[in-house]
Structure formats: structure tokens, C-alpha cells
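Structure data follow from data-v5.cif (mmCIF, C-alpha atoms and all ligand atoms):
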data_data
#
loop_
_atom_site.group_PDB
_atom_site.id
_atom_site.type_symbol
_atom_site.label_atom_id
_atom_site.label_comp_id
_atom_site.auth_asym_id
_atom_site.auth_seq_id
_atom_site.Cartn_x
_atom_site.Cartn_y
_atom_site.Cartn_z
ATOM 1 C CA MET A 241 56.879 -33.705 74.888
ATOM 2 C CA SER A 242 56.641 -33.750 71.198
ATOM 3 C CA ALA A 243 53.384 -35.718 71.485
ATOM 4 C CA ARG A 244 51.980 -33.188 73.901
ATOM 5 C CA LYS A 245 53.193 -30.414 71.710
ATOM 6 C CA SER A 246 51.585 -32.099 68.769
ATOM 7 C CA LYS A 247 48.333 -32.544 70.687
ATOM 8 C CA LYS A 248 48.403 -28.935 71.628
ATOM 9 C CA LYS A 249 48.955 -28.088 67.998
ATOM 10 C CA ASN A 250 45.997 -30.283 67.048
ATOM 11 C CA ASN A 251 43.863 -28.530 69.606
ATOM 12 C CA SER A 252 44.754 -25.151 68.287
ATOM 13 C CA SER A 253 44.194 -26.144 64.674
ATOM 14 C CA THR A 254 40.776 -27.626 65.611
ATOM 15 C CA ALA A 255 39.920 -24.372 67.341
ATOM 16 C CA TYR A 256 41.111 -22.478 64.271
ATOM 17 C CA LEU A 257 38.936 -24.599 61.985
ATOM 18 C CA GLY A 258 35.986 -24.100 64.336
ATOM 19 C CA PHE A 259 36.509 -20.366 64.213
ATOM 20 C CA LEU A 260 36.597 -20.446 60.418
ATOM 21 C CA SER A 261 33.326 -22.403 60.298
ATOM 22 C CA VAL A 262 31.634 -19.928 62.624
ATOM 23 C CA LEU A 263 32.998 -17.084 60.522
ATOM 24 C CA ALA A 264 31.717 -18.683 57.300
ATOM 25 C CA VAL A 265 28.263 -19.291 58.779
ATOM 26 C CA GLY A 266 28.254 -15.703 60.044
ATOM 27 C CA ILE A 267 29.109 -14.350 56.595
ATOM 28 C CA VAL A 268 26.367 -16.427 54.988
ATOM 29 C CA ILE A 269 23.813 -15.172 57.534
ATOM 30 C CA LEU A 270 24.995 -11.602 56.972
ATOM 31 C CA LEU A 271 24.656 -11.950 53.190
ATOM 32 C CA VAL A 272 21.156 -13.411 53.504
ATOM 33 C CA LEU A 273 20.169 -10.578 55.831
ATOM 34 C CA MET A 274 21.588 -7.956 53.456
ATOM 35 C CA ALA A 275 19.720 -9.475 50.516
ATOM 36 C CA ALA A 276 16.493 -9.480 52.513
ATOM 37 C CA ILE A 277 16.930 -5.850 53.537
ATOM 38 C CA GLY A 278 17.789 -4.911 49.960
ATOM 39 C CA SER A 279 14.632 -6.490 48.563
ATOM 40 C CA CYS A 280 12.485 -4.863 51.222
ATOM 41 C CA ARG A 281 13.917 -1.495 50.329
ATOM 42 C CA GLY A 282 13.207 -2.106 46.656
ATOM 43 C CA SER A 283 9.563 -2.891 47.210
ATOM 44 C CA ASP A 284 9.181 -0.059 49.684
ATOM 45 C CA SER A 285 10.402 2.529 47.285
ATOM 46 C CA GLU A 286 8.144 1.153 44.576
ATOM 47 C CA GLY A 287 5.231 1.384 46.959
ATOM 48 C CA GLU A 288 6.097 4.925 47.867
ATOM 49 C CA GLU A 289 5.949 6.141 44.288
ATOM 50 C CA ASN A 290 3.942 9.283 44.590
ATOM 51 C CA ILE A 291 2.189 10.498 41.499
ATOM 52 C CA GLY A 292 1.033 14.064 41.668
ATOM 53 C CA THR A 293 -1.528 15.466 44.039
ATOM 54 C CA PRO A 294 -5.138 14.457 44.312
ATOM 55 C CA SER A 295 -7.615 16.757 42.623
ATOM 56 C CA GLY A 296 -10.639 16.595 40.417
ATOM 57 C CA GLY A 297 -10.575 16.904 36.632
ATOM 58 C CA VAL A 298 -11.346 20.253 35.095
ATOM 59 C CA THR A 299 -12.927 19.208 31.871
ATOM 60 C CA LYS A 300 -15.252 16.397 31.114
ATOM 61 C CA GLU A 301 -13.927 13.071 29.933
ATOM 62 C CA PRO A 302 -13.725 13.343 26.161
ATOM 63 C CA GLU A 303 -12.762 9.708 25.876
ATOM 64 C CA SER A 304 -15.648 8.307 27.831
ATOM 65 C CA VAL A 305 -16.748 6.701 24.614
ATOM 66 C CA THR A 306 -13.993 4.355 25.512
ATOM 67 C CA VAL A 307 -15.845 3.471 28.634
ATOM 68 C CA SER A 308 -19.106 2.592 26.998
ATOM 69 C CA GLU A 309 -17.181 0.666 24.390
ATOM 70 C CA SER A 310 -15.411 -1.325 27.037
ATOM 71 C CA THR A 311 -17.824 -1.714 29.895
ATOM 72 C CA ALA A 312 -19.937 -4.171 28.022
ATOM 73 C CA GLY A 313 -18.408 -6.893 30.107
ATOM 74 C CA THR A 314 -17.388 -8.902 27.084
ATOM 75 C CA ASP A 315 -13.843 -7.767 27.755
ATOM 76 C CA SER A 316 -13.801 -8.272 31.443
ATOM 77 C CA GLY A 317 -12.980 -11.902 31.744
ATOM 78 C CA ALA A 318 -9.803 -12.305 29.781
ATOM 79 C CA GLY A 319 -6.452 -11.410 31.241
ATOM 80 C CA ILE A 320 -3.716 -9.771 29.280
ATOM 81 C CA SER A 321 -1.222 -12.517 29.493
ATOM 82 C CA GLY A 322 -3.624 -14.965 27.919
ATOM 83 C CA ASN A 323 -4.499 -12.566 25.150
ATOM 84 C CA ILE A 324 -1.113 -11.500 24.022
ATOM 85 C CA LEU A 325 1.024 -14.572 24.241
ATOM 86 C CA GLY A 326 -0.030 -15.663 20.792
ATOM 87 C CA PHE A 327 1.376 -12.690 18.980
ATOM 88 C CA GLY A 328 4.882 -13.885 18.374
ATOM 89 C CA THR A 329 8.188 -12.667 19.616
ATOM 90 C CA PRO A 330 8.435 -8.992 20.455
ATOM 91 C CA PRO A 331 11.252 -7.032 18.827
ATOM 92 C CA ASN A 332 14.703 -6.749 20.309
ATOM 93 C CA PHE A 333 14.786 -3.086 21.015
ATOM 94 C CA SER A 334 17.003 -1.711 23.703
ATOM 95 C CA VAL A 335 16.022 0.559 26.515
ATOM 96 C CA PRO A 336 18.015 3.782 26.258
ATOM 97 C CA GLU A 337 20.941 3.932 28.618
ATOM 98 C CA GLU A 338 21.066 6.393 31.463
ATOM 99 C CA THR A 339 21.730 9.847 30.148
ATOM 100 C CA ALA A 340 22.864 13.080 31.706
ATOM 101 C CA PRO A 341 20.216 15.206 33.447
ATOM 102 C CA VAL A 342 17.722 16.620 30.988
ATOM 103 C CA ASN A 343 18.680 19.968 29.640
ATOM 104 C CA ALA A 344 16.113 22.094 27.871
ATOM 105 C CA GLU A 345 18.842 24.324 26.484
ATOM 106 C CA VAL A 346 19.929 21.594 24.107
ATOM 107 C CA LYS A 347 17.168 20.696 21.703
ATOM 108 C CA ILE A 348 16.900 17.438 19.808
ATOM 109 C CA PRO A 349 16.617 17.980 16.066
ATOM 110 C CA TYR A 350 13.374 16.598 14.705
ATOM 111 C CA ASN A 351 13.768 13.707 12.317
ATOM 112 C CA ALA A 352 10.559 12.782 10.538
ATOM 113 C CA GLU A 353 11.547 9.151 10.115
ATOM 114 C CA GLU A 354 12.728 8.497 13.652
ATOM 115 C CA ASP A 355 10.194 10.757 15.280
ATOM 116 C CA TRP A 356 7.165 9.638 13.287
ATOM 117 C CA ALA A 357 5.084 9.215 16.472
ATOM 118 C CA LEU A 358 5.956 12.587 17.960
ATOM 119 C CA TYR A 359 3.006 14.802 17.116
ATOM 120 C CA VAL A 360 0.128 16.365 18.959
ATOM 121 C CA ILE A 361 -3.418 15.112 18.486
ATOM 122 C CA GLY A 362 -6.168 16.884 20.359
ATOM 123 C CA ASN A 363 -8.991 19.339 20.193
ATOM 124 C CA ASP A 364 -6.858 21.906 18.367
ATOM 125 C CA ASN A 365 -4.812 19.358 16.440
ATOM 126 C CA PRO A 366 -7.024 16.900 14.547
ATOM 127 C CA LEU A 367 -5.652 14.233 12.272
ATOM 128 C CA PRO A 368 -5.853 15.042 8.556
ATOM 129 C CA ASP A 369 -9.110 13.975 6.880
ATOM 130 C CA ASP A 370 -7.295 11.462 4.723
ATOM 131 C CA PHE A 371 -5.419 9.912 7.667
ATOM 132 C CA THR A 372 -4.978 6.169 7.417
ATOM 133 C CA VAL A 373 -2.989 3.769 9.521
ATOM 134 C CA GLU A 374 -1.896 0.154 9.210
ATOM 135 C CA THR A 375 -2.785 -1.602 12.437
ATOM 136 C CA LYS A 376 -1.615 -4.728 14.222
ATOM 137 C CA ALA A 377 -3.203 -6.605 17.128
ATOM 138 C CA VAL A 378 -1.661 -6.071 20.551
ATOM 139 C CA SER A 379 -4.185 -7.791 22.806
ATOM 140 C CA GLY A 380 -7.101 -9.830 21.560
ATOM 141 C CA GLU A 381 -8.859 -7.640 18.996
ATOM 142 C CA ARG A 382 -7.226 -4.475 20.300
ATOM 143 C CA THR A 383 -4.886 -2.945 17.746
ATOM 144 C CA LEU A 384 -2.337 -0.160 17.391
ATOM 145 C CA ASP A 385 -0.351 1.420 14.593
ATOM 146 C CA SER A 386 1.720 -1.546 13.451
ATOM 147 C CA ARG A 387 4.914 0.483 13.956
ATOM 148 C CA CYS A 388 4.392 0.641 17.707
ATOM 149 C CA ALA A 389 2.323 -2.520 18.309
ATOM 150 C CA ASP A 390 5.315 -4.694 19.198
ATOM 151 C CA TYR A 391 6.422 -2.227 21.848
ATOM 152 C CA ALA A 392 3.016 -2.495 23.480
ATOM 153 C CA ILE A 393 3.066 -6.293 23.221
ATOM 154 C CA LYS A 394 6.435 -6.394 24.918
ATOM 155 C CA MET A 395 5.251 -4.047 27.660
ATOM 156 C CA LEU A 396 2.180 -6.186 28.347
ATOM 157 C CA ASN A 397 4.190 -9.411 28.244
ATOM 158 C CA ASP A 398 6.847 -8.042 30.589
ATOM 159 C CA ALA A 399 4.212 -6.808 33.026
ATOM 160 C CA ALA A 400 2.550 -10.233 33.006
ATOM 161 C CA ALA A 401 5.919 -11.915 33.567
ATOM 162 C CA GLN A 402 6.413 -9.680 36.588
ATOM 163 C CA GLY A 403 3.025 -10.664 37.966
ATOM 164 C CA VAL A 404 1.359 -7.375 37.018
ATOM 165 C CA GLY A 405 -1.985 -8.072 35.374
ATOM 166 C CA LEU A 406 -2.825 -5.370 32.844
ATOM 167 C CA PHE A 407 -5.876 -5.186 30.643
ATOM 168 C CA VAL A 408 -6.187 -3.169 27.450
ATOM 169 C CA THR A 409 -9.656 -1.743 27.500
ATOM 170 C CA SER A 410 -9.375 0.451 24.429
ATOM 171 C CA SER A 411 -6.895 0.933 21.612
ATOM 172 C CA TYR A 412 -7.105 2.077 18.005
ATOM 173 C CA ARG A 413 -10.481 3.169 16.822
ATOM 174 C CA SER A 414 -11.150 4.718 13.453
ATOM 175 C CA ALA A 415 -12.495 8.238 13.078
ATOM 176 C CA GLU A 416 -15.645 6.620 11.641
ATOM 177 C CA LYS A 417 -16.059 4.559 14.792
ATOM 178 C CA GLN A 418 -15.468 7.720 16.826
ATOM 179 C CA ALA A 419 -18.242 9.441 14.855
ATOM 180 C CA GLN A 420 -20.596 6.494 15.473
ATOM 181 C CA ASN A 421 -19.850 6.599 19.206
ATOM 182 C CA LEU A 422 -20.528 10.311 19.302
ATOM 183 C CA GLU A 423 -23.772 9.905 17.377
ATOM 184 C CA SER A 424 -24.957 7.090 19.572
ATOM 185 C CA TYR A 425 -24.162 9.070 22.723
ATOM 186 C CA ILE A 426 -26.104 12.072 21.369
ATOM 187 C CA ASN A 427 -29.077 9.750 20.850
ATOM 188 C CA THR A 428 -28.714 8.382 24.379
ATOM 189 C CA LEU A 429 -28.796 11.917 25.775
ATOM 190 C CA ILE A 430 -31.844 12.782 23.674
ATOM 191 C CA SER A 431 -33.587 9.706 25.049
ATOM 192 C CA GLN A 432 -32.799 11.047 28.505
ATOM 193 C CA GLY A 433 -34.640 14.304 27.751
ATOM 194 C CA TYR A 434 -31.932 16.521 26.213
ATOM 195 C CA SER A 435 -32.884 18.588 23.175
ATOM 196 C CA GLN A 436 -30.963 17.817 19.978
ATOM 197 C CA GLU A 437 -28.797 20.895 20.465
ATOM 198 C CA GLU A 438 -28.176 20.309 24.174
ATOM 199 C CA ALA A 439 -27.341 16.694 23.509
ATOM 200 C CA LYS A 440 -24.786 17.619 20.861
ATOM 201 C CA ILE A 441 -23.109 20.203 23.087
ATOM 202 C CA GLN A 442 -22.982 17.822 26.036
ATOM 203 C CA ALA A 443 -21.761 14.847 24.003
ATOM 204 C CA GLU A 444 -18.958 16.862 22.446
ATOM 205 C CA LYS A 445 -17.778 17.837 25.903
ATOM 206 C CA GLU A 446 -17.437 14.196 26.808
ATOM 207 C CA ILE A 447 -16.345 12.545 23.592
ATOM 208 C CA ALA A 448 -13.549 13.705 21.342
ATOM 209 C CA LEU A 449 -14.613 14.684 17.841
ATOM 210 C CA PRO A 450 -13.690 12.213 15.109
ATOM 211 C CA GLY A 451 -9.988 12.541 14.254
ATOM 212 C CA HIS A 452 -9.245 14.437 17.476
ATOM 213 C CA SER A 453 -8.318 11.457 19.646
ATOM 214 C CA GLU A 454 -4.956 9.734 20.039
ATOM 215 C CA HIS A 455 -6.951 6.518 19.735
ATOM 216 C CA ASN A 456 -7.849 7.505 16.160
ATOM 217 C CA ALA A 457 -4.133 7.733 15.380
ATOM 218 C CA GLY A 458 -3.494 4.201 16.652
ATOM 219 C CA LEU A 459 -0.969 5.458 19.196
ATOM 220 C CA ALA A 460 -2.923 5.152 22.437
ATOM 221 C CA LEU A 461 -4.003 2.405 24.788
ATOM 222 C CA ASP A 462 -6.342 2.611 27.730
ATOM 223 C CA ILE A 463 -4.902 0.173 30.261
ATOM 224 C CA VAL A 464 -6.352 -0.934 33.575
ATOM 225 C CA SER A 465 -5.805 -3.845 35.929
ATOM 226 C CA SER A 466 -6.983 -7.227 34.683
ATOM 227 C CA ASP A 467 -9.719 -7.359 37.334
ATOM 228 C CA TYR A 468 -10.680 -3.692 37.032
ATOM 229 C CA TRP A 469 -14.125 -4.240 35.534
ATOM 230 C CA SER A 470 -15.113 -6.621 38.292
ATOM 231 C CA THR A 471 -15.025 -3.707 40.730
ATOM 232 C CA HIS A 472 -15.572 -0.645 38.528
ATOM 233 C CA SER A 473 -18.304 0.326 36.106
ATOM 234 C CA ASP A 474 -16.401 3.240 34.650
ATOM 235 C CA LEU A 475 -12.876 4.449 34.046
ATOM 236 C CA ASP A 476 -12.026 6.780 36.883
ATOM 237 C CA GLU A 477 -9.130 8.355 38.737
ATOM 238 C CA SER A 478 -9.108 5.632 41.358
ATOM 239 C CA PHE A 479 -7.009 3.580 38.929
ATOM 240 C CA GLU A 480 -4.028 5.653 40.123
ATOM 241 C CA LYS A 481 -4.252 3.915 43.496
ATOM 242 C CA LEU A 482 -3.660 0.474 42.009
ATOM 243 C CA PRO A 483 -0.206 -1.123 41.755
ATOM 244 C CA GLN A 484 -0.767 -1.542 38.016
ATOM 245 C CA PHE A 485 -0.709 2.238 37.686
ATOM 246 C CA ASP A 486 2.569 2.432 39.614
ATOM 247 C CA TRP A 487 4.010 -0.218 37.323
ATOM 248 C CA LEU A 488 2.936 1.684 34.222
ATOM 249 C CA ILE A 489 4.437 4.949 35.454
ATOM 250 C CA ASP A 490 7.686 3.211 36.396
ATOM 251 C CA ASN A 491 7.928 1.211 33.198
ATOM 252 C CA CYS A 492 5.857 2.460 30.255
ATOM 253 C CA TRP A 493 8.643 4.794 29.109
ATOM 254 C CA LYS A 494 10.925 1.787 28.623
ATOM 255 C CA TYR A 495 8.581 0.789 25.803
ATOM 256 C CA GLY A 496 8.170 4.271 24.337
ATOM 257 C CA PHE A 497 4.880 5.148 26.044
ATOM 258 C CA ILE A 498 3.940 8.126 28.217
ATOM 259 C CA LEU A 499 0.968 9.212 30.312
ATOM 260 C CA SER A 500 -0.850 11.491 27.866
ATOM 261 C CA TYR A 501 -3.226 13.358 30.131
ATOM 262 C CA PRO A 502 -1.521 14.077 33.451
ATOM 263 C CA LYS A 503 -3.136 15.586 36.503
ATOM 264 C CA GLY A 504 -2.891 19.372 36.525
ATOM 265 C CA LYS A 505 -2.429 19.579 32.727
ATOM 266 C CA GLU A 506 -6.118 19.540 31.848
ATOM 267 C CA GLU A 507 -6.056 23.056 30.397
ATOM 268 C CA ILE A 508 -3.148 22.160 28.133
ATOM 269 C CA THR A 509 -4.369 18.793 26.912
ATOM 270 C CA GLY A 510 -8.070 19.612 26.842
ATOM 271 C CA PHE A 511 -8.697 16.269 28.515
ATOM 272 C CA ILE A 512 -9.368 15.321 32.108
ATOM 273 C CA TYR A 513 -6.692 13.452 34.061
ATOM 274 C CA GLU A 514 -6.629 9.927 32.652
ATOM 275 C CA PRO A 515 -4.309 7.628 34.611
ATOM 276 C CA TRP A 516 -5.287 4.776 32.264
ATOM 277 C CA HIS A 517 -4.395 6.427 28.948
ATOM 278 C CA TYR A 518 -0.897 5.815 27.529
ATOM 279 C CA ARG A 519 0.401 6.999 24.234
ATOM 280 C CA PHE A 520 3.417 6.008 22.143
ATOM 281 C CA VAL A 521 6.037 8.668 21.372
ATOM 282 C CA GLY A 522 9.078 6.448 20.831
ATOM 283 C CA LEU A 523 11.831 5.272 23.188
ATOM 284 C CA LYS A 524 14.060 8.327 22.998
ATOM 285 C CA HIS A 525 11.343 10.843 23.770
ATOM 286 C CA ALA A 526 9.555 8.710 26.358
ATOM 287 C CA GLU A 527 12.822 8.327 28.226
ATOM 288 C CA LYS A 528 13.418 12.048 28.247
ATOM 289 C CA ILE A 529 9.882 12.794 29.403
ATOM 290 C CA HIS A 530 10.289 10.211 32.170
ATOM 291 C CA LYS A 531 13.584 11.776 33.164
ATOM 292 C CA VAL A 532 11.888 15.130 33.631
ATOM 293 C CA TYR A 533 9.293 13.411 35.796
ATOM 294 C CA GLU A 534 11.984 11.739 37.903
ATOM 295 C CA GLU A 535 13.826 14.985 38.389
ATOM 296 C CA THR A 536 10.915 17.348 38.923
ATOM 297 C CA GLY A 537 7.776 15.261 39.502
ATOM 298 C CA GLU A 538 6.221 16.875 36.429
ATOM 299 C CA PHE A 539 4.644 14.881 33.610
ATOM 300 C CA LEU A 540 5.206 16.788 30.387
ATOM 301 C CA THR A 541 2.475 16.699 27.769
ATOM 302 C CA VAL A 542 3.551 15.984 24.210
ATOM 303 C CA ASN A 543 3.158 19.602 23.159
ATOM 304 C CA GLU A 544 5.084 20.859 26.204
ATOM 305 C CA TYR A 545 7.828 18.361 25.449
ATOM 306 C CA ILE A 546 8.045 19.388 21.809
ATOM 307 C CA GLU A 547 8.179 23.060 22.774
ATOM 308 C CA ARG A 548 10.939 22.562 25.332
ATOM 309 C CA PHE A 549 13.097 19.878 23.824
ATOM 310 C CA ILE A 550 12.590 19.543 20.098
ATOM 311 C CA ASP A 551 14.058 21.713 17.392
ATOM 312 C CA MET A 552 11.504 21.368 14.638
ATOM 313 C CA GLY A 553 13.995 22.970 12.260
HETATM 314 ZN ZN ZN A 601 -7.859 6.744 26.068
#
Could I get this structure in the form of C-alpha cells?
Amino acid sequence: MSARKSKKKNNSSTAYLGFLSVLAVGIVILLVLMAAIGSCRGSDSEGEENIGTPSGGVTKEPESVTVSESTAGTDSGAGISGNILGFGTPPNFSVPEETAPVNAEVKIPYNAEEDWALYVIGNDNPLPDDFTVETKAVSGERTLDSRCADYAIKMLNDAAAQGVGLFVTSSYRSAEKQAQNLESYINTLISQGYSQEEAKIQAEKEIALPGHSEHNAGLALDIVSSDYWSTHSDLDESFEKLPQFDWLIDNCWKYGFILSYPKGKEEITGFIYEPWHYRFVGLKHAEKIHKVYEETGEFLTVNEYIERFIDMG
């Protein structure tokens, strides 16, 4: 009796253990499934990132000097990761924490020291004639203002670590270099049959005047995919269709950069839509500009941002 009872007990405890094992296996399978679904969702939403609406640029590409400077093919081979790994450890700066929804009613007081990179450079806002900048390499021979170079290095390194191959095709160029590019383009146009005057007018539509480009300030990078020049002969809007563009839009703000010349803002910036051109404004401001984009789908230009959010005092 007791033996039978005991056997029965054994049977039921074996069944109980069996049930537990099945339960445990079930939980493990469920967890694996949930993780798989979660990661699919993540990549889906990244893929769905929708940047603006397709349309043509209004004005001619004032930065196309960048193109001729970079299409030479000498740049094409090297990938970013190879170029930038030798530049030491990037700084330990922190990405701003999530903040409340952006509120244009409350303006941020301007602080010249903290906000040194927050200024407009463009056709109506040239750099001063005596402008100088200390530069530092960010990728190969490409340089930026040394105060923001490490941010760019970290951005490029992080992208490479995430398997996103970026290539810096243009960076700081002096106003003198800008003048040389303009001059040489005028000569090219003359050789194509333009008169001196026509050539000058046309060239100035396509190339920013010396001191009028964010590149002259050492704040801007033109970034494409590492294999871009193997399939393109020019910088064009099609870059926005590449995953590298999505990565930049999703992440450049974490390093203090913004898209300078958004689609639909050509009249404000004076430049065509340039999905490859990123400009440093600092972490705090880049985050706020990104927040506006997340909430409204609008990319603010630097001057719009300053008007809406900054109390210049
Ligand atoms: Zn550019």
C-alpha cells in the first residue's frame, strides 16, 4: 500500500518535473521569438524613415566645387574606418538626455563660449575677412575646426562600428582655396565657350563665394557612402536613398551635427538640397533641431533655429 502510494507519488512528481521542463522550454522559445520580433521591428522602423518629399532643387549647387575637388578618384578607394582609426581616442562627451517636447516659447539664452558654432554662414552672411581657424584632421587629410573635429571622428568611428561605411568627400577648405576653385571653374566655362562675364555669373551660381561657405568655417563635412564614387560621378540627391543617409539623419545630431541644406528650404539657405552636407552646431542645439524634426518632420535651418529658439540677448 505504502509502496504503491509511494510509486504513485513518484509518478506524479515525474509528471510534475516533466511539466516544468516543457514549461521552461516553452518560455525559452517564447523569449527567443520575442527577441526576434523586437529586432525585426527595430530594423523595419529604421528602414521606414521617411525624409521629406521628393522634389528638385531650386537653386544651383553652390558647393559643386566640392564635387570637382572630390571626384578625382584619388579619394574613392579608402574607406572611412581605415582613415580615421589612427586619430586617437574620441572625447567622452555625453549625448543629451531626452528632454520635454520642444517649446519655441522658451528661448535658450545665447552663450558665446558654449554656442561658438551657432552662427549662420551663407550668401548673406560671409565670414569676416580676417577669419582664421585652427584645424584638426578627421579623416585622412580632411580637416575641421579643431573644436568640433573629435565629434566628427566619433561619429565616423561609431558608424563604422555599426557597419555603416561613410566617406568624407569634403571638409574644411580655406577661403583662398574657395577662390581658386571659383577661378578655375570660370576658366573651365570660358573654355566651353562662355564669355568672361557669362562664365563669372554662371560660376557664382554654382560655387559659393570665398568666405560664404560653411566649409570655409571648418564646420561642415560632405559625407557619402564609402562606395559612392564607384557608382556616382557627382554629388546628387540620390544619396538620400542610401542607408548611410538614414543613419546620418538618425544619428548625426548625437554628435552635434545637422543637415544644413534641407529639401524645401532652398530659398532660406540659398543652397540646393544637399543630403550629403552636415554642419556642426553643438550637441545641445543639434538635439533640439532633431527633436523638431522628430515631432514635425521639419528640418530647421540654422537661421530658422536661431530665430525660433535662441535669445541673442
Ligand atoms: Zn558641402
Taking all atoms listed in the file into account, list the residues no farther than 8 Å from ligand ZN 601 (chain A), as number ranges by chain.
A: 303, 306, 410-411, 453-455, 460-462, 514, 516-518
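If you look at atom CA of Ala401 of chain A and atom CA of Val464 of chain A, they are 16.5 Å away from each other.
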Explicit residues for the PyMOL selection byres (((chain A and resi 479) around 9) and not hetatm) (as an MDAnalysis selection string):
chainID A and resid 464:465 468 475:478 480:485 514:516
Evaluate the PyMOL selection byres (((chain A and resi 419-422) around 8) and not hetatm) against this structure - the residues, as a ChimeraX atom specification, please.
/A:305,415-418,423-426,443-444,447,449-450
Could you state the separation of atom CA of Leu499 of chain A and atom CA of Ala357 of chain A in Å, given to one decimal place?
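Computed distance, atom CA of Leu499 of chain A to atom CA of Ala357 of chain A, equals 14.4 Å.
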Using atom CA of Leu384 of chain A and atom CA of Ile508 of chain A as the two end points, give the distance in Å to one decimal.
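Spanning atom CA of Leu384 of chain A to atom CA of Ile508 of chain A is a straight-line distance of 24.8 Å.
For the residues A:Glu446, A:Asp551, A:Glu535, A:Asp467, ranking by smallest atom-to-atom distance to Asn363 of chain A using all atoms listed in the file places A:Glu446 first.
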May I have the residues within 12 Å of Glu354 of chain A as a ChimeraX atom specification, using only C-alpha atoms and disregarding those fewer than 2 positions away in the same chain?
/A:348-352,356-358,387,521-525
Missing atoms in segment 360-374 of chain A: can you complete it with N, CA and C atoms, as a PDB file, keeping the file's coordinate frame?
ATOM      1  N   VAL A 360       1.237  16.090  18.047  1.00  0.00           N
ATOM      2  CA  VAL A 360       0.128  16.365  18.959  1.00  0.00           C
ATOM      3  C   VAL A 360      -1.201  16.054  18.269  1.00  0.00           C
ATOM      4  N   ILE A 361      -2.050  15.339  18.969  1.00  0.00           N
ATOM      5  CA  ILE A 361      -3.418  15.112  18.486  1.00  0.00           C
ATOM      6  C   ILE A 361      -4.345  15.562  19.610  1.00  0.00           C
ATOM      7  N   GLY A 362      -5.260  16.418  19.306  1.00  0.00           N
ATOM      8  CA  GLY A 362      -6.168  16.884  20.359  1.00  0.00           C
ATOM      9  C   GLY A 362      -7.225  17.783  19.770  1.00  0.00           C
ATOM     10  N   ASN A 363      -7.880  18.508  20.648  1.00  0.00           N
ATOM     11  CA  ASN A 363      -8.991  19.339  20.193  1.00  0.00           C
ATOM     12  C   ASN A 363      -8.550  20.377  19.158  1.00  0.00           C
ATOM     13  N   ASP A 364      -7.336  20.902  19.322  1.00  0.00           N
ATOM     14  CA  ASP A 364      -6.858  21.906  18.367  1.00  0.00           C
ATOM     15  C   ASP A 364      -5.974  21.297  17.288  1.00  0.00           C
ATOM     16  N   ASN A 365      -5.740  20.009  17.385  1.00  0.00           N
ATOM     17  CA  ASN A 365      -4.812  19.358  16.440  1.00  0.00           C
ATOM     18  C   ASN A 365      -5.394  18.043  15.920  1.00  0.00           C
ATOM     19  N   PRO A 366      -6.431  18.138  15.074  1.00  0.00           N
ATOM     20  CA  PRO A 366      -7.024  16.900  14.547  1.00  0.00           C
ATOM     21  C   PRO A 366      -6.106  16.218  13.533  1.00  0.00           C
ATOM     22  N   LEU A 367      -6.351  14.962  13.327  1.00  0.00           N
ATOM     23  CA  LEU A 367      -5.652  14.233  12.272  1.00  0.00           C
ATOM     24  C   LEU A 367      -6.172  14.743  10.930  1.00  0.00           C
ATOM     25  N   PRO A 368      -5.354  14.642   9.875  1.00  0.00           N
ATOM     26  CA  PRO A 368      -5.853  15.042   8.556  1.00  0.00           C
ATOM     27  C   PRO A 368      -7.039  14.164   8.122  1.00  0.00           C
ATOM     28  N   ASP A 369      -7.916  14.719   7.300  1.00  0.00           N
ATOM     29  CA  ASP A 369      -9.110  13.975   6.880  1.00  0.00           C
ATOM     30  C   ASP A 369      -8.766  12.667   6.186  1.00  0.00           C
ATOM     31  N   ASP A 370      -7.643  12.669   5.481  1.00  0.00           N
ATOM     32  CA  ASP A 370      -7.295  11.462   4.723  1.00  0.00           C
ATOM     33  C   ASP A 370      -6.362  10.535   5.520  1.00  0.00           C
ATOM     34  N   PHE A 371      -6.315  10.720   6.828  1.00  0.00           N
ATOM     35  CA  PHE A 371      -5.419   9.912   7.667  1.00  0.00           C
ATOM     36  C   PHE A 371      -5.782   8.428   7.578  1.00  0.00           C
ATOM     37  N   THR A 372      -4.775   7.620   7.362  1.00  0.00           N
ATOM     38  CA  THR A 372      -4.978   6.169   7.417  1.00  0.00           C
ATOM     39  C   THR A 372      -3.833   5.570   8.224  1.00  0.00           C
ATOM     40  N   VAL A 373      -4.045   4.404   8.743  1.00  0.00           N
ATOM     41  CA  VAL A 373      -2.989   3.769   9.521  1.00  0.00           C
ATOM     42  C   VAL A 373      -3.098   2.257   9.355  1.00  0.00           C
ATOM     43  N   GLU A 374      -1.928   1.614   9.265  1.00  0.00           N
ATOM     44  CA  GLU A 374      -1.896   0.154   9.210  1.00  0.00           C
ATOM     45  C   GLU A 374      -1.820  -0.340  10.650  1.00  0.00           C
TER      46      GLU A 374
END
